[in-house]
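Q: Okay, here's the structure, questions in a sec.
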Amino acid sequence: MTDLTELAKRRGFFLQTAGAYGGTAGFYTFGPQGAALKDNIENAWRDRFTVREGNMAVDAPTVLPEPVFEASGHLDTFDDMLVECPDCGESHRADHVVEDETDYEEAESLGPERVGEIIAEYEIVCPTCGAGLAGQAIEDFNLMFETNIGPGSSSPGYLRPETAQGIFVEFPQLAEYARHQLPFGVTQIGRAYRNEISPRQSLMRVREFTQAELELFIDPEEDEPDLSPVADVTAPFYSAAAQDADDGTATEMTVREAVDEGVVADPWIAYYLGVATEWYERIGVDMDRFRFRQHLAGERAHYAADCWDAESNLGDPDGEDDWHEIAGFAYRSDYDLSKHHEHSDEAYTVFKQYDEPVTVERPTVDPDMSALGPEFGGREVEGSEGSRGASGETASRAAGANDDGTVDEDGTVTVEVDGEPYDVPVSDTGFAVKEVTESGEHIVPHVVEPSLGIDRALYTVLDHSYREDEVDGEERTYLELPPEVAPTTVGVFPLMDRDGLDEEARAIAADLRERGLSVTYDDSGAIGRRYRRQDEVGTPFCVTVDYATIGEAEDPEEGEPREGDREETSTRTAAGGSRERSDPREDTVTVRERDTTAQKRVPIEELGETLEALRDGDLAFADL
RNA sequence: GCGCCGGUGGUCUAGCGGUAGGACCUGAGCCUUCCAAGCUCAUGGCCCGGGUUCAAAUCCCGGCCGGCGCACCA
């Protein structure tokens with residue numbers, strides 16, 4: 001990890017932000033290599049989770065107004081109350097301490113002042129060392145960055161702690177775009193912010209990070225995934241049950257087995273675990289240092305019904321394991337949409353049409369207010385309210401019949417007004433049972449959410465691809481990045497920076513760039529140094545223009561052609577006078593593979609095509 | 001946020017009261033016909049702020065940043 005951080009800074013993958021001002025914890029800037037790598041990882045994610053899944057991508061603001069987070073629950077649950085022990089200095093969740101030591105439940109909702117009072121009243125002591133906590137300040141710690149929208153403080157906003165809310169809050173319109181057809185998926189890749197108490201471990205725990213999220217909206221009663229594309233994907237599953245067992249370990253099994261054996265309860269989650277497994281492998285995560293871990297019951301987020309994490313092992317390969325969460329797969333049920341449905345003015349539902357319209361008898365009320373109004377004035381009459389929205393059963397009880405479903409002999413029903421029972425004539429309530437034809441119902445979709453941390457994936461890929469070996473007795477450091485994500489695909493060098501080799505190499509570099517390949521040109525120093533430089537940033541292939549390329553002898557005994565007669569190099573045969581170096585141009589270059597340092601000669605005219613095939617995995621270097 | 005340890009060129013490091021030396025990297029030149037070779041030259045540094053002292057990179061205090069442990073991680 002130390003070596004990697006050093007290489008990351010030296011070679012331009014990532015560095016601490018604003019180091020000139022002392023740096024600031026939890027923020028990193030991606031350098032040229034890191035930015036390119038991150039782009040490539042993000043593009044691989046878009047390809048897999050948006051394009052190939054047929055989902056739609058959106059791009060929401062990072063700042064959202066306060067009501068969004070009131071609805072989502074983040075304002076409450078992100079607001080931790082901490083109390084610090086005056087003796088041993090340990091911080092504890094004040095609300096948890098109170099819940100443990102008293103009969104109070106949901107102490108969080110009592111507010112910090114009341115919790116402080118309770119701690120004093122009950123003389124609660126520090127769970128660690130036993131010192132009294134009375135009188136200690138209850139610190140409010142909100143993990144969201146707060147800001148003001150516009151001048152003044154009347155309109156607070158927060159930097160989103162997850163990209164997801166930007167999708168949920170727009171659900172009504174997104175459902176429109178999806179033509180109200182479930183299931184549909186919406187993806188988003190973007191920054192999220194959490195004011196972490198203690199950023200640690202380089203890129204793995206930062207205050208601003210990039211999330212790649214998919215929110216899949218499903219009808220929980222109808223929709224089921226087609227597991228077949230990933231059914232045979234194998235991954236290690238570390239279930240909650242296995243974690244509870246003393247000697248529990250992750251079990252290697254296919255996605256199909258995980259579902260059939262009930263290890264992963266929800267098939268949608270299982271499907272995305274399969275998709276993610278393939279994706280992580282594709283971008284260069286070592287599958288021997290990867291697993292899925294189910295959240296323990298007490299560990300789940302406030303919205304999650306079931307949750308699995310993807311974890312990568314960043315420990316020393318020969319040493320202790322060091323597992324880190326790099327993605328979460330949560331079955332969020334209808335939590336988020338229901339919340340926004342309640343808090344906002346819009347309906348976060350889709351209309352689900354029945355196969356056949358159903359005709360039901362539905363009790364209705366149509367109160368005769370000219371009769372009831374004068375009698376009951378402004379007081380709320382349950383019977384008249386009951387006609388709106390409530391179920392037929394409620395309406396019938398309230399307006400058409402007593403609780404036992406009967407109508408009194410004198411043709412009245414008993415209605416409660418402000419707790420007082422009144423007899424009201426049935427004729428005045430307008431009670432009737434009508435036949436209604438219903439063609440469907442409004443349902444709140446459930447949400448399945450694969451949420452991947454891009455920075456953590458990037459760091460894992462770097463960690464897992466870091467290699468040290470020896471070539472010709474010299475130590476070598478290289479990154480075994482998959483060609484698809486490597487910041488640079490090909491390095492192009494002239495063997496010597498003269499004799500027209502450089503011109504030839506520049507022309508080749510330009511041609512390759514024209515094809516859209518990511519190319520680095522380098523003519524400095526010795527060739528070996530240039531290879532090592534590219535090795536360190538994970539460039540999978542290097543092309544070298546040598547004397548064979550341009551038709552020079554391999555064994556120059558006489559003076560080399562110097563500046564001034566460069567054009568002669570390509571017309572030497574015709575020009576005569578230098579017949580001992582008159583070999584014809586081979587028009588081939590060497591292509592060197594990073595991982596093996598092996599070289600093959602490739603004709604220049606096939607070079608672009610060959611490199612593209614190598615990059616895309618359509619051609620193996622060994623088959624050249 | 002607490003505790004322990006640390007912060008010297010881009011990177012790694014020596015110096016630990018008298019204002020800095022090396023290695024690597026980088027740049028220029030020489031040399032060099034495929035894996036960090038060699039030679040010459042050059043660029044570049046004591047985290048920040050106070051204090052003690054004739055004098056502070058060095059000692060003290062505070063801050064910032066980092067590593068590790070604790071807590072936290074919805």
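Residue names in the structure tokens use chain letters A, B, ... in the order shown, residue numbers from 1 in each chain, and ligand numbers from 1 in the order shown.
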Quick one: everything within 10 Å of stretch 48-65 of chain B, counting only C-alpha atoms (C1' of nucleotides), minus sequence neighbours fewer than 4 positions away in the same chain. Send it as a list of chain:residue names.

A: A:Gln16, A:Gly19, A:Tyr21, A:Gly22, A:Gly23, A:Thr24, A:Ala25, B:G7, B:U8, B:G15, B:C16, B:G17, B:G18, B:U19, B:A20

Q: Sorted by chain and rising residue number, list the residues of chain B at most 6 Å from chain A (counting only C-alpha atoms (C1' of nucleotides)), each with its closest atom pair and distance in Å to one decimal, as a Markdown table.

A:
| residue | atom | partner | partner_atom | distance |
| --- | --- | --- | --- | --- |
| B:C2 | C1' | A:Gly89 | CA | 5.3 |
| B:C35 | C1' | A:Gly528 | CA | 3.8 |
| B:A36 | C1' | A:Arg529 | CA | 4.6 |
| B:C64 | C1' | A:Gly22 | CA | 5.7 |
| B:C65 | C1' | A:Gly23 | CA | 6.0 |
| B:A71 | C1' | A:Ser91 | CA | 5.5 |
| B:A74 | C1' | A:Thr77 | CA | 5.5 |

Q: Which polymer residues have any atom within 12 Å of an atom of B:C41, counting only C-alpha atoms (C1' of nucleotides), with same-chain residues fewer than 5 positions away left out, as a ChimeraX atom specification?

A: /B:27-30

Q: Using only C-alpha atoms, pick whichever of A:Pro603, A:Gly54, A:Gly26, A:Pro584 has the shortest atom-to-atom distance to A:Leu214.

A: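 With only C-alpha atoms as the atom set, the closest residue is A:Gly54.
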
Q: Leaving out A:Tyr122 and any residue of its chain fewer than 2 positions from it, which residues lie within 12 Å of it when counting only C-alpha atoms (C1' of nucleotides), given as a compact mmCIF listing (two decimals) with all heavy atoms, in the first residue's frame?

A:
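Full text of result35.txt as output:
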# COMPACT_ATOMS: atom_id res chain seq x y z
N VAL A 97 -26.18 4.72 24.13
CA VAL A 97 -25.89 4.58 25.55
C VAL A 97 -27.18 4.67 26.36
O VAL A 97 -27.43 3.88 27.27
CB VAL A 97 -24.88 5.67 26.01
CG1 VAL A 97 -24.72 5.63 27.51
CG2 VAL A 97 -23.55 5.47 25.32
N VAL A 98 -28.01 5.66 26.00
CA VAL A 98 -29.27 5.85 26.71
C VAL A 98 -30.19 4.64 26.52
O VAL A 98 -30.79 4.13 27.47
CB VAL A 98 -29.97 7.15 26.23
CG1 VAL A 98 -31.43 7.17 26.67
CG2 VAL A 98 -29.22 8.36 26.77
N GLU A 99 -30.26 4.16 25.28
CA GLU A 99 -31.13 3.01 25.02
C GLU A 99 -30.66 1.78 25.80
O GLU A 99 -31.47 0.99 26.29
CB GLU A 99 -31.15 2.70 23.51
CG GLU A 99 -31.98 3.70 22.71
CD GLU A 99 -31.71 3.61 21.22
OE1 GLU A 99 -31.14 2.60 20.78
OE2 GLU A 99 -32.07 4.57 20.51
N ASP A 100 -29.36 1.64 25.94
CA ASP A 100 -28.83 0.47 26.63
C ASP A 100 -29.10 0.53 28.14
O ASP A 100 -29.30 -0.50 28.77
CB ASP A 100 -27.31 0.35 26.40
CG ASP A 100 -27.01 -0.03 24.97
OD1 ASP A 100 -27.94 -0.46 24.27
OD2 ASP A 100 -25.85 0.11 24.55
N GLU A 101 -29.07 1.75 28.69
CA GLU A 101 -29.10 1.87 30.15
C GLU A 101 -30.46 2.23 30.71
O GLU A 101 -30.64 2.25 31.92
CB GLU A 101 -28.08 2.94 30.59
CG GLU A 101 -26.65 2.60 30.23
CD GLU A 101 -26.17 1.31 30.91
OE1 GLU A 101 -26.52 1.10 32.09
OE2 GLU A 101 -25.48 0.53 30.23
N THR A 102 -31.40 2.59 29.85
CA THR A 102 -32.71 2.99 30.33
C THR A 102 -33.78 2.25 29.54
O THR A 102 -33.47 1.42 28.69
CB THR A 102 -32.93 4.51 30.14
OG1 THR A 102 -33.06 4.78 28.74
CG2 THR A 102 -31.77 5.30 30.70
N ASP A 103 -35.04 2.60 29.82
CA ASP A 103 -36.12 1.97 29.07
C ASP A 103 -36.46 2.76 27.81
O ASP A 103 -37.38 2.41 27.07
CB ASP A 103 -37.38 1.85 29.96
CG ASP A 103 -37.14 0.85 31.07
OD1 ASP A 103 -36.32 -0.06 30.86
OD2 ASP A 103 -37.75 0.99 32.14
N TYR A 104 -35.74 3.87 27.59
CA TYR A 104 -36.04 4.66 26.41
C TYR A 104 -35.70 3.89 25.15
O TYR A 104 -34.71 3.16 25.08
CB TYR A 104 -35.21 5.96 26.40
CG TYR A 104 -35.70 6.99 27.39
CD1 TYR A 104 -35.08 7.16 28.62
CD2 TYR A 104 -36.79 7.80 27.07
CE1 TYR A 104 -35.51 8.10 29.52
CE2 TYR A 104 -37.25 8.75 27.97
CZ TYR A 104 -36.61 8.89 29.20
OH TYR A 104 -37.05 9.83 30.09
N VAL A 115 -31.40 13.98 25.63
CA VAL A 115 -30.51 12.84 25.84
C VAL A 115 -29.46 13.19 26.89
O VAL A 115 -29.14 12.38 27.77
CB VAL A 115 -29.85 12.41 24.51
CG1 VAL A 115 -28.68 11.45 24.77
CG2 VAL A 115 -30.88 11.74 23.60
N GLY A 116 -28.96 14.42 26.84
CA GLY A 116 -28.00 14.87 27.84
C GLY A 116 -28.60 14.86 29.23
O GLY A 116 -27.96 14.43 30.20
N GLU A 117 -29.85 15.31 29.32
CA GLU A 117 -30.53 15.31 30.62
C GLU A 117 -30.69 13.90 31.15
O GLU A 117 -30.50 13.63 32.34
CB GLU A 117 -31.92 15.97 30.48
CG GLU A 117 -31.85 17.47 30.24
CD GLU A 117 -33.21 18.02 29.81
OE1 GLU A 117 -34.23 17.30 29.97
OE2 GLU A 117 -33.24 19.14 29.31
N ILE A 118 -31.07 12.99 30.24
CA ILE A 118 -31.28 11.61 30.66
C ILE A 118 -29.98 10.99 31.17
O ILE A 118 -29.97 10.29 32.19
CB ILE A 118 -31.85 10.77 29.49
CG1 ILE A 118 -33.26 11.27 29.14
CG2 ILE A 118 -31.89 9.29 29.86
CD1 ILE A 118 -33.79 10.72 27.85
N ILE A 119 -28.90 11.29 30.48
CA ILE A 119 -27.61 10.76 30.92
C ILE A 119 -27.30 11.24 32.34
O ILE A 119 -26.83 10.48 33.18
CB ILE A 119 -26.49 11.19 29.94
CG1 ILE A 119 -26.62 10.39 28.65
CG2 ILE A 119 -25.11 10.97 30.58
CD1 ILE A 119 -25.65 10.79 27.57
N ALA A 120 -27.63 12.50 32.63
CA ALA A 120 -27.41 13.04 33.97
C ALA A 120 -28.35 12.40 34.98
O ALA A 120 -27.93 11.98 36.06
CB ALA A 120 -27.58 14.56 33.95
N ILE A 124 -25.56 7.80 33.95
CA ILE A 124 -25.00 6.80 33.04
C ILE A 124 -23.48 6.96 32.98
O ILE A 124 -22.96 8.07 33.00
CB ILE A 124 -25.62 6.96 31.63
CG1 ILE A 124 -27.12 6.58 31.72
CG2 ILE A 124 -24.89 6.12 30.61
CD1 ILE A 124 -27.88 6.86 30.45
N VAL A 125 -22.82 5.82 32.94
CA VAL A 125 -21.36 5.85 32.92
C VAL A 125 -20.82 5.37 31.58
O VAL A 125 -21.53 4.74 30.80
CB VAL A 125 -20.76 4.99 34.05
CG1 VAL A 125 -21.21 5.51 35.39
CG2 VAL A 125 -21.16 3.53 33.86
N GLY A 132 -18.26 8.65 34.91
CA GLY A 132 -19.56 9.27 34.72
C GLY A 132 -19.58 10.15 33.46
O GLY A 132 -18.62 10.85 33.18
N LEU A 133 -20.69 10.06 32.73
CA LEU A 133 -20.80 10.86 31.51
C LEU A 133 -21.65 12.11 31.71
O LEU A 133 -21.79 12.92 30.79
CB LEU A 133 -21.41 10.00 30.39
CG LEU A 133 -20.54 8.84 29.87
CD1 LEU A 133 -21.33 8.03 28.86
CD2 LEU A 133 -19.27 9.37 29.25
N ALA A 134 -22.25 12.25 32.90
CA ALA A 134 -23.13 13.39 33.14
C ALA A 134 -22.39 14.70 32.90
O ALA A 134 -21.23 14.84 33.28
CB ALA A 134 -23.65 13.34 34.57
N GLY A 135 -23.05 15.61 32.23
CA GLY A 135 -22.46 16.92 32.01
C GLY A 135 -21.59 17.01 30.78
O GLY A 135 -21.24 18.10 30.35

Q: Nearest to A:Gly248: which of A:Val436, A:Arg179, A:Asp266, A:Arg293 is it, counting only C-alpha atoms?

A: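 For A:Gly248, the nearest of the candidates is A:Arg293.
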
Q: To one decimal place, how far is atom CA of A:Gly453 from atom CA of A:Ala192 in Å?

A: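 So the two atoms, atom CA of A:Gly453 and atom CA of A:Ala192, lie 10.0 Å apart.
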
Q: Could you give me, as a list in words, the residues within 12 Å of A:Ala507, counting only C-alpha atoms (C1' of nucleotides) and dropping anything in the same chain fewer than 5 positions from it?

A: Val492, Phe493, Pro494, Gly500, Leu501, Asp502, Leu512, Arg513, Glu514, Val519, Tyr521, Val545 and Ile604 of chain A

Q: Next, dump the selected residues to file, keeping only C-alpha atoms, as a CSV table (one decimal), in the first residue's frame.

A:
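Result file follows (out_17.csv):
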chain,number,residue,atom,x,y,z
A,492,VAL,CA,5.7,4.5,-29.4
A,493,PHE,CA,9.5,4.9,-29.4
A,494,PRO,CA,12.3,5.4,-31.9
A,500,GLY,CA,15.0,9.5,-39.2
A,501,LEU,CA,13.8,6.9,-36.6
A,502,ASP,CA,12.2,9.6,-34.7
A,512,LEU,CA,-2.4,5.4,-34.1
A,513,ARG,CA,-3.8,8.4,-32.4
A,514,GLU,CA,-5.9,9.0,-35.5
A,519,VAL,CA,-0.7,6.8,-27.4
A,521,TYR,CA,5.4,9.1,-27.6
A,545,VAL,CA,10.9,1.8,-34.6
A,604,ILE,CA,3.3,-1.1,-40.0

Q: Looking at A:Gln211, A:Thr549, A:Thr5, A:Thr489, which one is nearest to B:U11, with distances taken over only C-alpha atoms (C1' of nucleotides)?

A: A:Thr5

Q: Restricting the calculation to only C-alpha atoms (C1' of nucleotides): of B:G66, B:A42, B:C72, B:C31, which residue gets closest to B:G6?

A: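 Among the listed residues, the smallest separation from B:G6 belongs to B:G66.
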
Q: Where in stretch 12-65 of chain A does DSSP assign strand (DSSP E), given as a PyMOL selection string?

A: chain A and resi 14-16+28-30+56-57+63-65

Q: Check the DSSP output for the backbone and give back, as number ranges by chain, the residues of stretch 30-213 of chain A in alpha helix (DSSP H).

A: A: 32-45, 66-72, 74-77, 94-101, 112-121, 164-168, 171-177

Q: Write out the residues from the selection above, keeping C-alpha atoms, as a tab-separated table (two decimals), in the first residue's frame.

A:
chain	number	residue	atom	x	y	z
A	32	PRO	CA	-3.15	12.41	-15.71
A	33	GLN	CA	-2.83	8.64	-15.35
A	34	GLY	CA	-5.48	8.39	-12.67
A	35	ALA	CA	-7.98	10.51	-14.56
A	36	ALA	CA	-7.52	8.38	-17.66
A	37	LEU	CA	-7.83	5.18	-15.67
A	38	LYS	CA	-10.94	6.47	-13.94
A	39	ASP	CA	-12.50	7.44	-17.26
A	40	ASN	CA	-11.84	3.99	-18.62
A	41	ILE	CA	-13.31	2.31	-15.56
A	42	GLU	CA	-16.37	4.54	-15.72
A	43	ASN	CA	-16.79	3.79	-19.41
A	44	ALA	CA	-16.56	0.08	-18.72
A	45	TRP	CA	-19.26	0.54	-16.10
A	66	GLU	CA	-33.30	20.13	2.38
A	67	PRO	CA	-36.80	18.64	1.94
A	68	VAL	CA	-35.36	15.91	-0.26
A	69	PHE	CA	-33.22	14.70	2.62
A	70	GLU	CA	-36.01	15.15	5.14
A	71	ALA	CA	-37.99	12.73	3.03
A	72	SER	CA	-35.12	10.33	2.39
A	74	HIS	CA	-30.76	11.25	5.70
A	75	LEU	CA	-31.30	14.35	7.80
A	76	ASP	CA	-32.22	12.21	10.80
A	77	THR	CA	-30.05	9.19	10.36
A	94	ALA	CA	-25.18	9.07	23.07
A	95	ASP	CA	-28.53	7.72	21.94
A	96	HIS	CA	-27.27	4.16	22.06
A	97	VAL	CA	-25.89	4.58	25.55
A	98	VAL	CA	-29.27	5.85	26.71
A	99	GLU	CA	-31.13	3.01	25.02
A	100	ASP	CA	-28.83	0.47	26.63
A	101	GLU	CA	-29.10	1.87	30.15
A	112	PRO	CA	-29.44	16.02	22.06
A	113	GLU	CA	-30.60	18.20	24.97
A	114	ARG	CA	-33.03	15.64	26.31
A	115	VAL	CA	-30.51	12.84	25.84
A	116	GLY	CA	-28.00	14.87	27.84
A	117	GLU	CA	-30.53	15.31	30.62
A	118	ILE	CA	-31.28	11.61	30.66
A	119	ILE	CA	-27.61	10.76	30.92
A	120	ALA	CA	-27.41	13.04	33.97
A	121	GLU	CA	-30.65	11.75	35.52
A	164	ALA	CA	-29.38	7.75	-5.57
A	165	GLN	CA	-31.64	10.50	-4.22
A	166	GLY	CA	-31.16	12.47	-7.40
A	167	ILE	CA	-32.82	9.58	-9.20
A	168	PHE	CA	-35.54	8.82	-6.66
A	171	PHE	CA	-39.12	9.24	-10.30
A	172	PRO	CA	-42.47	10.56	-11.53
A	173	GLN	CA	-40.88	12.02	-14.64
A	174	LEU	CA	-38.50	9.09	-15.12
A	175	ALA	CA	-41.47	6.72	-15.03
A	176	GLU	CA	-43.01	8.82	-17.78
A	177	TYR	CA	-39.85	8.42	-19.88

Q: What lies within 10 Å of A:Ala457 using only C-alpha atoms (C1' of nucleotides), ignoring chain neighbours under 6 positions off, as an MDAnalysis selection string?

A: chainID A and resid 38 41 203:204 280 283:285 311:312 325:327 463

Q: Would you pick out the contacts of A:Gly315 at 10 Å or less, using only C-alpha atoms (C1' of nucleotides), so that residues sharing its chain but fewer than 3 positions from it are not included, and give the list as a ChimeraX atom specification?

A: /A:1,289,312,318-324,463

Q: What is the atom CA of A:Asp3 to atom CA of A:Tyr466 distance in Å?

A: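 Separation of atom CA of A:Asp3 and atom CA of A:Tyr466: 9.2 Å.
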
Q: Rounded to one decimal, what separation in Å do you get between atom CA of A:Thr17 and atom CA of A:Tyr459?

A: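 These two atoms are separated by 16.5 Å.
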